[in-house]
$ cat upload_1.csv   # CSV, C-alpha atoms
chain,number,residue,atom,x,y,z
A,1,MET,CA,-38.1,7.2,-37.6
A,2,ARG,CA,-37.9,6.5,-33.9
A,3,ARG,CA,-36.3,3.6,-32.2
A,4,SER,CA,-38.3,1.3,-29.8
A,5,SER,CA,-36.7,-0.6,-27.0
A,6,CYS,CA,-37.1,-3.9,-28.8
A,7,CYS,CA,-37.2,-3.2,-32.6
A,8,TRP,CA,-37.3,-0.6,-35.3
A,9,VAL,CA,-40.8,0.9,-36.0
A,10,ARG,CA,-41.8,3.0,-39.0
A,11,SER,CA,-42.8,6.6,-38.2
A,12,ALA,CA,-45.2,8.6,-40.3
A,13,GLY,CA,-42.5,10.1,-42.6
A,14,GLY,CA,-39.7,7.6,-42.1
A,15,ARG,CA,-38.3,4.9,-44.4
A,16,ARG,CA,-38.8,1.2,-44.1
A,17,PRO,CA,-35.8,-0.5,-42.5
A,18,PRO,CA,-33.8,-2.8,-44.9
A,19,ALA,CA,-35.0,-6.4,-45.2
A,20,PRO,CA,-32.7,-8.9,-43.5
A,21,GLN,CA,-30.3,-10.8,-45.7
A,22,THR,CA,-31.5,-14.3,-46.4
A,23,GLU,CA,-29.2,-17.3,-46.9
A,24,ARG,CA,-28.9,-18.8,-50.3
A,25,PHE,CA,-29.6,-22.5,-50.8
A,26,HIS,CA,-29.3,-24.9,-53.8
A,27,VAL,CA,-30.9,-28.3,-54.2
A,28,ARG,CA,-28.6,-31.2,-55.3
A,29,SER,CA,-29.9,-33.7,-57.7
A,30,SER,CA,-31.4,-36.8,-56.2
A,31,THR,CA,-30.1,-39.1,-59.0
A,32,PRO,CA,-27.2,-41.3,-57.8
A,33,ARG,CA,-24.0,-40.4,-59.6
A,34,VAL,CA,-22.4,-43.1,-61.7
A,35,LEU,CA,-18.7,-43.1,-61.9
A,36,GLY,CA,-17.5,-41.9,-65.3
A,37,ARG,CA,-20.9,-40.3,-66.3
A,38,PRO,CA,-22.2,-36.7,-65.9
A,39,ARG,CA,-24.6,-35.9,-63.1
A,40,GLY,CA,-27.7,-35.9,-65.3
A,41,GLU,CA,-26.9,-39.2,-67.0
A,42,ALA,CA,-28.4,-42.3,-65.4
A,43,GLY,CA,-26.6,-45.6,-64.9
A,44,ALA,CA,-27.4,-48.9,-66.5
A,45,SER,CA,-31.1,-49.9,-66.4
A,46,PRO,CA,-32.6,-53.0,-64.9
A,47,ASP,CA,-33.0,-54.4,-68.4
A,48,GLN,CA,-29.2,-54.4,-68.9
A,49,LEU,CA,-28.2,-56.0,-65.6
A,50,SER,CA,-30.4,-58.2,-63.5
A,51,VAL,CA,-28.9,-56.9,-60.3
A,52,GLU,CA,-28.9,-53.2,-61.2
A,53,PRO,CA,-32.1,-51.2,-60.6
A,54,ALA,CA,-32.6,-47.6,-61.5
A,55,PHE,CA,-32.3,-46.5,-57.9
A,56,ALA,CA,-33.8,-43.2,-56.8
A,57,ARG,CA,-33.1,-41.7,-53.5
A,58,ARG,CA,-36.0,-40.7,-51.3
A,59,GLY,CA,-36.3,-37.0,-50.7
A,60,ARG,CA,-33.8,-34.3,-51.6
A,61,ARG,CA,-30.8,-33.1,-49.8
A,62,ILE,CA,-30.5,-29.4,-49.3
A,63,ALA,CA,-27.1,-28.0,-48.7
A,64,LYS,CA,-25.9,-24.5,-48.0
A,65,ALA,CA,-24.3,-22.9,-51.0
A,66,SER,CA,-20.6,-22.2,-50.7
A,67,CYS,CA,-19.1,-19.8,-53.3
A,68,ALA,CA,-15.4,-20.2,-54.2
A,69,PRO,CA,-13.4,-16.9,-54.0
A,70,GLU,CA,-13.2,-15.2,-57.4
A,71,GLU,CA,-9.9,-14.8,-59.1
A,72,LYS,CA,-8.9,-11.1,-59.0
A,73,ILE,CA,-6.7,-9.3,-61.5
A,74,PRO,CA,-3.7,-7.8,-59.8
A,75,ALA,CA,-3.9,-4.1,-59.2
A,76,ALA,CA,-0.8,-3.5,-61.3
A,77,LEU,CA,-2.4,-5.0,-64.4
A,78,ARG,CA,-5.7,-3.2,-63.8
A,79,SER,CA,-3.9,0.2,-63.7
A,80,SER,CA,-1.7,-0.5,-66.8
A,81,PRO,CA,-2.7,0.5,-70.3
A,82,PRO,CA,-3.8,-2.4,-72.5
A,83,ALA,CA,-0.8,-1.8,-74.9
A,84,LEU,CA,1.6,-2.3,-72.0
A,85,VAL,CA,-0.1,-5.6,-70.9
A,86,LEU,CA,-0.1,-7.1,-74.4
A,87,ALA,CA,3.5,-6.2,-75.1
A,88,VAL,CA,5.3,-9.5,-74.6
A,89,ASP,CA,8.8,-10.3,-75.8
A,90,PRO,CA,8.5,-13.1,-78.5
A,91,ALA,CA,11.9,-14.5,-77.6
A,92,GLN,CA,11.1,-14.8,-74.0
A,93,THR,CA,7.8,-16.5,-74.8
A,94,GLU,CA,9.5,-19.0,-77.0
A,95,GLU,CA,12.1,-19.7,-74.3
A,96,LYS,CA,9.4,-20.4,-71.7
A,97,LEU,CA,7.5,-22.6,-74.1
A,98,GLN,CA,10.6,-24.6,-74.9
A,99,GLY,CA,11.3,-25.1,-71.2
A,100,ALA,CA,7.8,-26.3,-70.6
A,101,VAL,CA,8.0,-28.8,-73.4
A,102,LEU,CA,11.4,-30.1,-72.1
A,103,SER,CA,10.0,-30.4,-68.6
A,104,ALA,CA,7.0,-32.5,-69.9
A,105,LEU,CA,9.3,-34.7,-71.9
A,106,ARG,CA,11.5,-35.4,-68.8
A,107,ARG,CA,8.4,-36.4,-66.8
A,108,SER,CA,7.0,-38.7,-69.5
A,109,THR,CA,10.1,-40.2,-71.1
A,110,TYR,CA,11.2,-43.5,-69.6
A,111,HIS,CA,14.9,-43.9,-69.2
A,112,TRP,CA,15.7,-47.4,-68.2
A,113,GLN,CA,18.9,-48.1,-66.3
A,114,LYS,CA,20.0,-51.3,-64.8
A,115,LEU,CA,20.0,-51.3,-61.0
A,116,SER,CA,22.8,-53.3,-59.3
A,117,TYR,CA,21.9,-54.5,-55.8
A,118,ASP,CA,24.8,-54.5,-53.4
A,119,GLU,CA,24.7,-55.4,-49.7
A,120,ARG,CA,23.7,-51.9,-48.7
A,121,LEU,CA,21.0,-51.5,-51.3
A,122,SER,CA,19.6,-55.0,-50.5
A,123,LEU,CA,19.1,-54.0,-46.9
A,124,ILE,CA,17.3,-50.8,-47.9
A,125,TYR,CA,15.1,-52.8,-50.3
A,126,MET,CA,14.3,-55.3,-47.5
A,127,ALA,CA,13.3,-52.6,-45.1
A,128,ALA,CA,11.1,-50.9,-47.7
A,129,ARG,CA,9.5,-53.7,-49.7
A,130,LEU,CA,9.7,-57.0,-47.9
A,131,ASP,CA,6.4,-56.6,-46.0
A,132,GLY,CA,4.5,-55.0,-48.9
A,133,GLY,CA,5.5,-57.8,-51.3
A,134,PHE,CA,4.6,-60.4,-48.7
A,135,ALA,CA,1.1,-58.9,-48.5
A,136,ALA,CA,0.5,-58.8,-52.2
A,137,VAL,CA,1.7,-62.3,-52.9
A,138,SER,CA,-0.3,-63.7,-49.9
A,139,ARG,CA,-3.4,-62.2,-51.5
A,140,ALA,CA,-2.7,-64.1,-54.7
A,141,PHE,CA,-2.2,-67.3,-52.8
A,142,HIS,CA,-5.4,-66.8,-50.9
A,143,GLU,CA,-7.3,-66.5,-54.1
A,144,ILE,CA,-6.1,-70.0,-55.2
A,145,ARG,CA,-6.6,-71.6,-51.8
A,146,ALA,CA,-10.2,-70.2,-51.5
A,147,ARG,CA,-11.3,-71.4,-54.9
A,148,VAL,CA,-9.3,-74.7,-55.2
A,149,PRO,CA,-8.9,-75.9,-51.6
A,150,GLU,CA,-7.8,-79.4,-52.7
A,151,PHE,CA,-4.7,-77.9,-54.6
A,152,GLN,CA,-1.6,-78.9,-52.6
A,153,PRO,CA,1.6,-77.8,-54.5
A,154,GLN,CA,4.9,-79.5,-53.9
A,155,THR,CA,7.3,-77.3,-55.9
A,156,LEU,CA,7.5,-73.5,-56.4
A,157,MET,CA,9.8,-71.3,-58.4
A,158,ASP,CA,10.2,-67.6,-57.6
A,159,PHE,CA,11.7,-65.5,-60.5
A,160,GLY,CA,13.3,-62.3,-59.1
A,161,SER,CA,13.1,-63.6,-55.6
A,162,GLY,CA,14.9,-60.7,-54.0
A,163,THR,CA,14.8,-60.9,-50.2
A,164,GLY,CA,12.5,-64.0,-50.2
A,165,SER,CA,9.0,-62.5,-49.6
A,166,VAL,CA,7.4,-65.1,-51.9
A,167,THR,CA,9.1,-68.0,-50.0
A,168,TRP,CA,7.7,-66.8,-46.7
A,169,ALA,CA,4.2,-66.2,-48.1
A,170,ALA,CA,4.2,-69.7,-49.8
A,171,HIS,CA,5.3,-71.4,-46.6
A,172,ASN,CA,2.5,-69.6,-44.8
A,173,ALA,CA,0.0,-70.8,-47.3
A,174,TRP,CA,1.2,-74.3,-48.3
A,175,GLY,CA,3.9,-75.1,-45.8
A,176,GLN,CA,2.6,-78.6,-45.2
A,177,SER,CA,2.9,-79.7,-48.8
A,178,LEU,CA,5.7,-77.7,-50.4
A,179,ARG,CA,9.0,-79.6,-50.6
A,180,GLU,CA,11.0,-77.4,-52.9
A,181,TYR,CA,11.4,-73.6,-53.2
A,182,PHE,CA,13.5,-72.6,-56.2
A,183,CYS,CA,14.5,-68.9,-55.9
A,184,VAL,CA,16.1,-67.2,-58.9
A,185,ASP,CA,17.7,-63.7,-58.7
A,186,ASN,CA,20.7,-62.3,-60.6
A,187,SER,CA,21.9,-60.4,-57.5
A,188,ALA,CA,24.2,-62.4,-55.3
A,189,ALA,CA,23.8,-59.9,-52.4
A,190,MET,CA,20.0,-60.4,-52.5
A,191,LEU,CA,20.4,-64.1,-52.4
A,192,ASP,CA,22.8,-63.9,-49.4
A,193,LEU,CA,20.4,-61.6,-47.5
A,194,ALA,CA,17.4,-63.9,-48.2
A,195,GLU,CA,19.4,-66.9,-47.0
A,196,ARG,CA,20.4,-65.1,-43.8
A,197,LEU,CA,16.8,-64.1,-43.1
A,198,LEU,CA,15.8,-67.7,-43.3
A,199,LYS,CA,18.5,-68.6,-40.8
A,200,GLY,CA,17.5,-65.8,-38.4
A,201,GLY,CA,20.4,-63.5,-39.2
A,202,SER,CA,23.1,-66.2,-38.5
A,203,GLU,CA,24.9,-68.4,-41.0
A,204,SER,CA,25.3,-71.2,-38.6
A,205,LYS,CA,21.6,-71.7,-37.6
A,206,LYS,CA,19.2,-74.1,-39.2
A,207,PRO,CA,16.9,-72.4,-41.8
A,208,TYR,CA,13.4,-71.8,-40.8
A,209,VAL,CA,12.0,-73.1,-44.1
A,210,GLU,CA,13.5,-76.4,-45.4
A,211,GLY,CA,14.0,-77.1,-49.1
A,212,VAL,CA,14.9,-73.6,-50.3
A,213,PHE,CA,17.5,-73.4,-53.2
A,214,PHE,CA,19.0,-70.2,-54.4
A,215,ARG,CA,20.2,-69.8,-58.0
A,216,GLN,CA,21.2,-66.9,-60.2
A,217,PHE,CA,19.9,-68.5,-63.5
A,218,LEU,CA,16.8,-70.3,-64.6
A,219,PRO,CA,16.9,-74.0,-65.0
A,220,VAL,CA,18.1,-74.9,-68.5
A,221,SER,CA,16.3,-78.3,-68.9
A,222,PRO,CA,12.9,-77.9,-70.6
A,223,LYS,CA,11.6,-81.0,-68.7
A,224,VAL,CA,11.7,-79.1,-65.3
A,225,GLN,CA,8.3,-77.8,-64.3
A,226,PHE,CA,6.9,-76.4,-61.0
A,227,ASP,CA,3.4,-76.5,-59.6
A,228,VAL,CA,3.5,-72.7,-58.9
A,229,VAL,CA,5.6,-70.1,-60.7
A,230,VAL,CA,5.7,-66.6,-59.3
A,231,SER,CA,7.2,-63.3,-60.6
A,232,ALA,CA,6.5,-60.5,-58.2
A,233,PHE,CA,7.6,-56.9,-59.1
A,234,SER,CA,10.3,-58.3,-61.4
A,235,LEU,CA,9.0,-57.9,-65.0
A,236,SER,CA,9.1,-54.1,-64.7
A,237,GLU,CA,12.8,-54.2,-64.0
A,238,LEU,CA,13.6,-55.9,-67.3
A,239,PRO,CA,15.2,-53.6,-70.0
A,240,SER,CA,12.8,-54.1,-72.9
A,241,LYS,CA,9.5,-55.6,-74.1
A,242,ALA,CA,11.4,-58.3,-76.0
A,243,ASP,CA,13.2,-59.4,-72.8
A,244,ARG,CA,9.8,-59.4,-70.9
A,245,ASN,CA,8.2,-61.5,-73.6
A,246,GLU,CA,11.0,-64.0,-73.5
A,247,VAL,CA,10.9,-64.3,-69.7
A,248,VAL,CA,7.1,-64.7,-69.7
A,249,GLN,CA,7.2,-67.5,-72.3
A,250,THR,CA,10.0,-69.2,-70.3
A,251,LEU,CA,8.0,-69.0,-67.1
A,252,TRP,CA,4.9,-70.3,-68.7
A,253,ARG,CA,6.8,-73.3,-70.0
A,254,LYS,CA,8.0,-74.0,-66.5
A,255,THR,CA,4.5,-73.8,-65.1
A,256,SER,CA,2.6,-77.0,-64.3
A,257,HIS,CA,-0.5,-75.5,-62.7
A,258,PHE,CA,-0.4,-71.7,-61.8
A,259,LEU,CA,1.6,-68.8,-63.1
A,260,ILE,CA,1.3,-65.7,-60.8
A,261,LEU,CA,2.4,-62.3,-62.0
A,262,VAL,CA,2.3,-59.3,-59.6
A,263,GLU,CA,3.3,-55.7,-60.4
A,264,ASN,CA,2.7,-52.2,-59.0
A,265,GLY,CA,-0.9,-51.0,-59.0
A,266,THR,CA,-0.3,-48.3,-61.7
A,267,LYS,CA,-1.4,-48.0,-65.3
A,268,ALA,CA,2.1,-49.0,-66.4
A,269,GLY,CA,2.1,-52.1,-64.2
A,270,HIS,CA,-1.5,-53.1,-65.2
A,271,ARG,CA,-0.7,-52.7,-68.9
A,272,LEU,CA,2.5,-54.8,-68.5
A,273,LEU,CA,0.5,-57.6,-67.0
A,274,MET,CA,-2.2,-57.5,-69.7
A,275,ASP,CA,0.6,-57.8,-72.4
A,276,ALA,CA,1.9,-60.8,-70.6
A,277,ARG,CA,-1.6,-62.3,-70.3
A,278,ASP,CA,-2.3,-61.8,-74.0
A,279,LEU,CA,1.1,-63.3,-74.9
A,280,VAL,CA,0.3,-66.5,-73.0
A,281,LEU,CA,-3.3,-66.8,-74.2
A,282,LYS,CA,-2.6,-66.0,-77.9
A,283,GLY,CA,0.8,-67.7,-78.1
A,284,THR,CA,1.2,-70.5,-80.6
A,285,GLU,CA,4.2,-72.0,-78.9
A,286,LYS,CA,3.3,-74.9,-76.7
A,287,SER,CA,5.4,-76.9,-74.4
A,288,PRO,CA,6.1,-80.4,-75.8
A,289,LEU,CA,5.6,-81.8,-72.3
A,290,ASP,CA,2.4,-80.0,-71.4
A,291,PRO,CA,0.0,-79.1,-74.4
A,292,ARG,CA,-2.8,-78.0,-72.1
A,293,PRO,CA,-4.1,-74.5,-73.0
A,294,GLY,CA,-4.0,-71.6,-70.6
A,295,PHE,CA,-6.8,-69.5,-69.2
A,296,VAL,CA,-7.1,-66.5,-66.8
A,297,PHE,CA,-7.8,-67.8,-63.3
A,298,ALA,CA,-7.9,-64.4,-61.6
A,299,PRO,CA,-8.8,-61.6,-61.4
A,300,CYS,CA,-10.4,-61.4,-64.9
A,301,PRO,CA,-13.6,-63.4,-65.3
A,302,HIS,CA,-12.9,-63.6,-69.1
A,303,GLU,CA,-10.1,-63.8,-71.7
A,304,LEU,CA,-11.4,-60.8,-73.6
A,305,PRO,CA,-9.6,-57.4,-73.9
A,306,CYS,CA,-9.5,-55.6,-70.6
A,307,PRO,CA,-12.4,-53.0,-70.4
A,308,GLN,CA,-10.3,-50.8,-68.1
A,309,LEU,CA,-7.7,-50.2,-70.8
A,310,THR,CA,-10.2,-49.9,-73.7
A,311,ALA,CA,-12.3,-47.2,-71.9
A,312,SER,CA,-12.1,-43.5,-73.1
A,313,LYS,CA,-10.1,-42.8,-69.9
A,314,PRO,CA,-8.0,-45.9,-69.2
A,315,LEU,CA,-7.8,-46.9,-65.5
A,316,ALA,CA,-5.5,-49.3,-63.7
A,317,CYS,CA,-7.1,-52.6,-62.5
A,318,SER,CA,-5.5,-52.7,-59.1
A,319,PHE,CA,-6.3,-54.0,-55.7
A,320,SER,CA,-5.4,-53.2,-52.1
A,321,GLN,CA,-4.2,-55.4,-49.2
A,322,ALA,CA,-3.9,-54.2,-45.7
A,323,TYR,CA,-0.9,-55.4,-43.6
A,324,HIS,CA,1.1,-54.8,-40.5
A,325,PRO,CA,4.6,-53.7,-41.5
A,326,ILE,CA,8.0,-54.8,-40.1
A,327,PRO,CA,8.0,-53.1,-36.6
A,328,PHE,CA,10.9,-50.7,-37.2
A,329,SER,CA,11.0,-47.5,-35.0
A,330,TRP,CA,9.7,-45.4,-38.0
A,331,ASN,CA,7.3,-48.0,-39.4
A,332,LYS,CA,4.7,-49.1,-36.9
A,333,MET,CA,1.3,-48.0,-38.3
A,334,PRO,CA,-0.8,-50.4,-40.4
A,335,LYS,CA,-0.4,-49.9,-44.2
A,336,GLU,CA,-2.0,-50.9,-47.5
A,337,GLU,CA,-0.3,-52.3,-50.5
A,338,LYS,CA,-1.7,-51.4,-53.9
A,339,PHE,CA,-0.9,-53.8,-56.6
A,340,SER,CA,-2.0,-55.4,-59.9
A,341,LEU,CA,-1.9,-59.1,-60.5
A,342,VAL,CA,-2.9,-61.8,-63.0
A,343,ILE,CA,-3.1,-65.6,-62.3
A,344,LEU,CA,-2.8,-67.9,-65.3
A,345,ALA,CA,-3.7,-71.6,-65.1
A,346,ARG,CA,-3.4,-74.6,-67.3
A,347,GLY,CA,-6.5,-76.5,-68.3
A,348,PHE,CA,-10.0,-75.2,-69.0
A,349,PRO,CA,-12.0,-72.6,-67.0
A,350,GLU,CA,-14.8,-73.7,-64.7
A,351,ALA,CA,-18.1,-72.0,-65.5
A,352,MET,CA,-19.2,-71.9,-61.9
A,353,HIS,CA,-16.4,-69.5,-61.0
A,354,ARG,CA,-17.1,-67.1,-63.9
A,355,TRP,CA,-18.7,-64.5,-61.6
A,356,PRO,CA,-18.2,-60.7,-61.9
A,357,ARG,CA,-15.2,-59.2,-60.1
A,358,ILE,CA,-15.6,-56.1,-57.9
A,359,THR,CA,-13.0,-53.7,-59.3
A,360,GLN,CA,-13.4,-50.7,-56.9
A,361,PRO,CA,-14.2,-50.2,-53.2
A,362,VAL,CA,-17.8,-51.1,-52.4
A,363,LEU,CA,-19.9,-48.0,-51.7
A,364,LYS,CA,-22.3,-48.8,-48.8
A,365,ARG,CA,-25.3,-46.5,-48.5
A,366,PRO,CA,-28.6,-46.7,-46.6
A,367,ARG,CA,-30.6,-49.5,-48.0
A,368,HIS,CA,-28.5,-49.9,-51.2
A,369,VAL,CA,-24.9,-50.8,-52.2
A,370,HIS,CA,-22.9,-49.6,-55.2
A,371,CYS,CA,-20.7,-52.2,-56.9
A,372,HIS,CA,-18.5,-51.7,-59.9
A,373,LEU,CA,-18.2,-55.1,-61.7
A,374,CYS,CA,-16.0,-56.6,-64.4
A,375,CYS,CA,-18.4,-59.1,-66.0
A,376,PRO,CA,-17.8,-62.3,-67.9
A,377,ASP,CA,-18.9,-60.7,-71.1
A,378,GLY,CA,-15.9,-58.3,-71.1
A,379,HIS,CA,-17.8,-55.2,-70.0
A,380,MET,CA,-17.9,-53.0,-66.9
A,381,GLN,CA,-21.2,-52.7,-65.1
A,382,HIS,CA,-22.3,-50.4,-62.2
A,383,ALA,CA,-24.7,-52.4,-60.1
A,384,VAL,CA,-26.9,-50.8,-57.4
A,385,ILE,CA,-28.2,-53.6,-55.3
A,386,THR,CA,-31.1,-53.4,-52.9
A,387,ALA,CA,-32.9,-55.9,-50.7
A,388,ARG,CA,-36.3,-55.1,-52.2
A,389,ARG,CA,-35.3,-55.8,-55.8
A,390,HIS,CA,-32.7,-58.5,-55.5
A,391,GLY,CA,-33.5,-60.2,-52.2
A,392,ARG,CA,-31.9,-60.1,-48.8
A,393,ASP,CA,-29.3,-62.8,-49.6
A,394,LEU,CA,-27.7,-61.0,-52.5
A,395,TYR,CA,-28.0,-57.6,-50.7
A,396,ARG,CA,-26.2,-58.9,-47.6
A,397,CYS,CA,-23.6,-60.6,-49.7
A,398,ALA,CA,-22.9,-57.4,-51.6
A,399,ARG,CA,-22.8,-55.4,-48.4
A,400,VAL,CA,-20.1,-57.6,-46.8
A,401,SER,CA,-18.1,-57.9,-50.0
A,402,SER,CA,-14.8,-56.1,-50.5
A,403,TRP,CA,-12.7,-54.7,-53.3
A,404,GLY,CA,-11.4,-57.6,-55.4
A,405,ASP,CA,-14.0,-60.2,-54.3
A,406,LEU,CA,-16.2,-62.2,-56.7
A,407,LEU,CA,-19.9,-61.4,-56.5
A,408,PRO,CA,-22.2,-64.4,-57.2
A,409,VAL,CA,-24.6,-62.7,-59.6
A,410,ILE,CA,-25.6,-63.5,-63.2
A,411,THR,CA,-25.5,-60.8,-65.9
A,412,PRO,CA,-28.0,-60.7,-68.8
A,413,SER,CA,-25.5,-62.1,-71.3
A,414,GLU,CA,-25.2,-65.3,-69.1
A,415,HIS,CA,-28.9,-66.0,-69.0
A,416,PRO,CA,-29.8,-69.1,-71.1
A,417,PRO,CA,-31.9,-68.3,-74.1
A,418,GLU,CA,-35.6,-68.7,-73.6
A,419,ASP,CA,-37.5,-71.1,-75.9

$ encode --input "upload_1.csv" --output "structure tokens"
Amino acid sequence: MRRSSCCWVRSAGGRRPPAPQTERFHVRSSTPRVLGRPRGEAGASPDQLSVEPAFARRGRRIAKASCAPEEKIPAALRSSPPALVLAVDPAQTEEKLQGAVLSALRRSTYHWQKLSYDERLSLIYMAARLDGGFAAVSRAFHEIRARVPEFQPQTLMDFGSGTGSVTWAAHNAWGQSLREYFCVDNSAAMLDLAERLLKGGSESKKPYVEGVFFRQFLPVSPKVQFDVVVSAFSLSELPSKADRNEVVQTLWRKTSHFLILVENGTKAGHRLLMDARDLVLKGTEKSPLDPRPGFVFAPCPHELPCPQLTASKPLACSFSQAYHPIPFSWNKMPKEEKFSLVILARGFPEAMHRWPRITQPVLKRPRHVHCHLCCPDGHMQHAVITARRHGRDLYRCARVSSWGDLLPVITPSEHPPED
């Protein structure tokens, strides 16, 4: 074989040069993936949901294959005889197994311990949680204001008021109509700090918000009711389920219009709120002064069991609210507060507001939008909305919607029966 100036050429008795190595490719499936289903399983069909087509992407995406590095057996094990590898001390194995079990129990077992807030710990709590709590409660107030703009409350009670984030959020939402803010917290240090914040850090100044009253106990009289009752991040600090049930029943008896419960956006926080919701909806005890029934105002569009908790893999129904934190030297970047909430109201639900709720971030793709909906029939639906199938109005509405919004669509279970 001789070598040319530009390439290899085959001589009479030579060998053919090796073929160049070609890159390997694989083709990904063009079927859109539905959360919670395998790749090959399709989503809900158009017959199941009027806004959900079986969307198929045009063309196929070709991506270069990337192979993960293989796990290699250590050289010491490869050179050792099989008998030496399998010879394990039973006592040592049992000790390691026992240690792993104890470690798992420590991570999963809940050890409740009462937390006493002194002046120092109250300041730390204010620096860490005042702005996040304000953002979560403001989101709940915005839900009421957007759907019931004529509602103008005059009295508000905050159970577990802490540093007063609910008072600031309520004044920001209904400052023109609110005349009384009743703040309840068993920590005297927290109440003193909240009062100093209202006075700008000085005890001699006039409070920024008028009509704020601080107490360490709930009002005893059963005749006292408030237009809005709030419990933000307080039920999870109670020692037992029996104590939480008693507090929830007391707060509901004190409620004249809306009861707002907010907790951390975790599975434990969501399950705690669902237990409180079921206690109010299924409770036989009624206030002698207000026999009106209760219903879920938000976020659930129904009073049925939560489909997030009854799924094979339970998920937390949580929401996110962006906010600008208190401008400390270490805390200047915008943040997001993840939380779960439930708003209970007295009276009867309005059918016009029984629209599906978007329970996950909206996935915006070219010419289509993915929305995960909690529907009024108590089921979850994955809707893929396009302008061609559902019209430009609904497509644009879905495209500008956000996590936690109501989507004005009608599911098949809500269609009136045809004659």

$ residues_around --input "upload_1.csv" --residues "Leu191 of chain A" --least-positions-apart "5" --cutoff "10 Å" --atoms "all atoms listed in the file" --output "PyMOL selection string"
chain A and resi 122+160-164+183-186+196-197+213-216

$ atom_distance --input "upload_1.csv" --atom1 "atom CA of Ala345 of chain A" --atom2 "atom CA of Arg244 of chain A"
19.1 Å

$ closest_atom_pairs --input "upload_1.csv" --of "segment 205-255 of chain A" --to "segment 136-141 of chain A" --cutoff "10 Å" --atoms "only C-alpha atoms" --output "CSV"
residue,atom,partner,partner_atom,distance
A:Val228,CA,A:Phe141,CA,9.9
A:Val230,CA,A:Val137,CA,8.7
A:Ser231,CA,A:Val137,CA,9.5
A:Ala232,CA,A:Val137,CA,7.4

$ residues_around --input "upload_1.csv" --residues "Met380 of chain A" --least-positions-apart "4" --cutoff "10 Å" --atoms "only C-alpha atoms" --output "JSON, numbers by chain"
{"A": [306, 307, 308, 311, 356, 357, 358, 359, 372, 373, 374, 375, 376]}

$ write_last_selection --input "upload_1.csv" --atoms "C-alpha atoms" --output "PDB file, in the coordinates of the input"
ATOM      1  CA  CYS A 306      -9.500 -55.600 -70.600  1.00  0.00           C
ATOM      2  CA  PRO A 307     -12.400 -53.000 -70.400  1.00  0.00           C
ATOM      3  CA  GLN A 308     -10.300 -50.800 -68.100  1.00  0.00           C
ATOM      4  CA  ALA A 311     -12.300 -47.200 -71.900  1.00  0.00           C
ATOM      5  CA  PRO A 356     -18.200 -60.700 -61.900  1.00  0.00           C
ATOM      6  CA  ARG A 357     -15.200 -59.200 -60.100  1.00  0.00           C
ATOM      7  CA  ILE A 358     -15.600 -56.100 -57.900  1.00  0.00           C
ATOM      8  CA  THR A 359     -13.000 -53.700 -59.300  1.00  0.00           C
ATOM      9  CA  HIS A 372     -18.500 -51.700 -59.900  1.00  0.00           C
ATOM     10  CA  LEU A 373     -18.200 -55.100 -61.700  1.00  0.00           C
ATOM     11  CA  CYS A 374     -16.000 -56.600 -64.400  1.00  0.00           C
ATOM     12  CA  CYS A 375     -18.400 -59.100 -66.000  1.00  0.00           C
ATOM     13  CA  PRO A 376     -17.800 -62.300 -67.900  1.00  0.00           C
TER      14      PRO A 376
END

$ residues_around --input "upload_1.csv" --residues "Leu363 of chain A" --least-positions-apart "5" --cutoff "10 Å" --atoms "only C-alpha atoms" --output "JSON, numbers by chain"
{"A": [368, 369, 370, 371, 372, 384, 398, 399, 402, 403]}

$ atom_distance --input "upload_1.csv" --atom1 "atom CA of Glu180 of chain A" --atom2 "atom CA of Val212 of chain A"
6.0 Å

$ residues_around --input "upload_1.csv" --residues "Ile124 of chain A" --least-positions-apart "4" --cutoff "12 Å" --atoms "only C-alpha atoms" --output "ChimeraX atom specification"
/A:117-120,128-130,162-163,190,193

$ write_last_selection --input "upload_1.csv" --atoms "C-alpha atoms" --output "PDB file, in the coordinates of the input"
ATOM      1  CA  TYR A 117      21.900 -54.500 -55.800  1.00  0.00           C
ATOM      2  CA  ASP A 118      24.800 -54.500 -53.400  1.00  0.00           C
ATOM      3  CA  GLU A 119      24.700 -55.400 -49.700  1.00  0.00           C
ATOM      4  CA  ARG A 120      23.700 -51.900 -48.700  1.00  0.00           C
ATOM      5  CA  ALA A 128      11.100 -50.900 -47.700  1.00  0.00           C
ATOM      6  CA  ARG A 129       9.500 -53.700 -49.700  1.00  0.00           C
ATOM      7  CA  LEU A 130       9.700 -57.000 -47.900  1.00  0.00           C
ATOM      8  CA  GLY A 162      14.900 -60.700 -54.000  1.00  0.00           C
ATOM      9  CA  THR A 163      14.800 -60.900 -50.200  1.00  0.00           C
ATOM     10  CA  MET A 190      20.000 -60.400 -52.500  1.00  0.00           C
ATOM     11  CA  LEU A 193      20.400 -61.600 -47.500  1.00  0.00           C
TER      12      LEU A 193
END
